[in-house]
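> One structure coming up, written as structure tokens, with questions to follow.
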Amino acid sequence: MKQRIITAAIALAFFVPVIIIGGLPFTIAIYLIATIGLFEILRMKNLTLFSFPGLISWIILAVLLIPASWTGWIYDVLGYTKIELAFAGVLLLLIYTVVVKNQFTFDHVAFSILGALYVGIGFYYLIETRMFGIEYVVYAFIVIWMTDTGAYVTGRKFGKRKLWPEISPNKTVEGFVGGIIWAITFACIFQYFVPVASTYPILIIVTIIASIVGQLGDLVESAIKRHYDVKDSGNLLPGHGGILDRFDSLLFVLPLLHLLHFIA
């Protein structure tokens with residue numbers, strides 16, 4: 001527990017100022033974090049980021065992370081959209097399977113592309129959400145952290161029925177519900193001081209959906225790790241695991257919460 005607290009304090013000391021500053025420093029920080037996330041997921045299938053297919057996977061990731069405000073400039077300079085640039089990377093990976101005579105297979109291509117999409121889209125929406133305002137980023141973290149904390153506390157005290165023992169044996173139905181209740185409670189407190197939605201009913205509905213999606217995102221990460229027989233996605237954060245272990249819920253929640261800006 002002490003190690004977890006120390007790691008969390010150091011991570012927050014780095015991440016909080018970057019969130020506050022926003023802009024280019026925040027975007028650069030997210031590129032770095034997402035790169036580590038891609039490294040972690042590729043390693044689960046014994047693929048390395050420091051190889052030709054790893055480099056192409058990273059380029060696909062980098063393209064996906066390009067902020068919406070930059071896409072016009074990218075098109076003016078290169079004459080291609082983000083989708084076209086990412087697809088060019090897909091074609092290069094497929095051609096590489098032929099060059100190496102299937103030592104790097106179609107399955108590896110599929111995994112690499114899906115890994116880049118999994119990491120890239122979620123972190124892209126983190127960049128976009130910060131551009132709308134820091135309050136939305138804070139709200140997202142509140143929902144995720146309170147869901148996680150509420151699920152743990154409620155599950156420890158009242159948990160009896162297993163939620164999905166084949167994937168995550170410690171999670172319970174009671175914890176799942178408790179996480180949602182905690183998320184709603186703290187989201188409403190935050191809304192009182194810093195409004196992020198036009199009405200409380202809208203806030204509560206979005207928070208419920210976000211809390212559920214966040215917990216499903218956590219289960220997805222658990223399922224991936226169990227399938228590839230990995231305990232943690234990495235060891236960058238002592239006591240917490242890797243980047244994906246800490247951002248798994250966020251990767252699912254942020255695309256959803258991105259809509260909050262439009263309904264607030």
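All residue names refer to the structure tokens as shown: chains lettered A, B, ... in order, residues numbered from 1 in each chain, ligands numbered from 1 in order.
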Can you pull out the residues contacting Leu64 in chain A? Cut-off 7 Å, using only C-alpha atoms, and skip same-chain residues under 6 positions away; I want them as a PDB file with C-alpha atoms, in the first residue's frame.

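See selection.pdb below for the written result:
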ATOM      1  CA  LYS A  82      -5.869  10.783 -40.885  1.00  0.00           C
ATOM      2  CA  GLY A 120      -4.862   5.584 -29.756  1.00  0.00           C
ATOM      3  CA  ILE A 121      -8.574   6.356 -29.837  1.00  0.00           C
ATOM      4  CA  TYR A 124      -7.016  10.931 -28.631  1.00  0.00           C
TER       5      TYR A 124
END
> Contacts between range 213-231 of chain A and range 21-73 of chain A, please, where a residue of range 21-73 of chain A counts if it comes within 10 Å (with only C-alpha atoms); show its shortest atom pair and distance in Å to one decimal, rows by chain and ascending number, as CSV.

residue,atom,partner,partner_atom,distance
A:Ile41,CA,A:Ile224,CA,9.0
A:Arg43,CA,A:Tyr228,CA,9.9
A:Met44,CA,A:Tyr228,CA,6.1
A:Lys45,CA,A:Tyr228,CA,7.0
A:Asn46,CA,A:Tyr228,CA,9.7
> List the neighbours of Ile209 in chain A out to 10 Å using only C-alpha atoms; skip same-chain residues closer than 2 positions along the sequence, and give me the result as a PyMOL selection string.
chain A and resi 180+204-207+211-214+253+256-257
> Limited to C-alpha atoms, could you put the picked residues into a file as a short mmCIF file (atom, residue, chain, number, x, y, z; two decimals), in the first residue's frame?

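As a result, selection-v7.cif now contains:
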data_model
loop_
_atom_site.label_atom_id
_atom_site.label_comp_id
_atom_site.auth_asym_id
_atom_site.auth_seq_id
_atom_site.Cartn_x
_atom_site.Cartn_y
_atom_site.Cartn_z
CA ILE A 180 -21.83 3.50 -9.81
CA ILE A 204 -26.57 11.46 -13.48
CA ILE A 205 -27.51 9.60 -16.67
CA VAL A 206 -24.12 10.27 -18.28
CA THR A 207 -22.32 9.33 -15.05
CA SER A 211 -19.30 4.29 -14.69
CA ILE A 212 -20.64 1.13 -16.32
CA VAL A 213 -18.50 1.60 -19.43
CA GLY A 214 -15.45 2.29 -17.24
CA VAL A 253 -14.92 6.32 -20.88
CA LEU A 256 -18.29 8.58 -24.30
CA LEU A 257 -17.67 11.59 -22.07
#
> With 12 Å as the cut-off and only C-alpha atoms counted, what is the closest atom pair between each nearby residue of range 128-221 of chain A and range 15-36 of chain A? Distances in Å to one decimal, ordered by chain and number, as a tab-separated table.

residue	atom	partner	partner_atom	distance
A:Glu128	CA	A:Thr27	CA	9.4
A:Thr129	CA	A:Gly22	CA	10.5
A:Arg130	CA	A:Gly22	CA	6.8
A:Met131	CA	A:Gly23	CA	7.3
A:Phe132	CA	A:Gly22	CA	10.4
A:Gly133	CA	A:Gly22	CA	9.1
A:Ile134	CA	A:Ile20	CA	6.9
A:Glu135	CA	A:Ile20	CA	10.0
A:Tyr136	CA	A:Ile19	CA	11.1
A:Val137	CA	A:Ile19	CA	8.3
A:Val138	CA	A:Ile19	CA	9.2
A:Phe141	CA	A:Val16	CA	11.5
> Hey, can you check how far CA of Ile95 in chain A sits from CA of Val109 in chain A?
10.0 Å
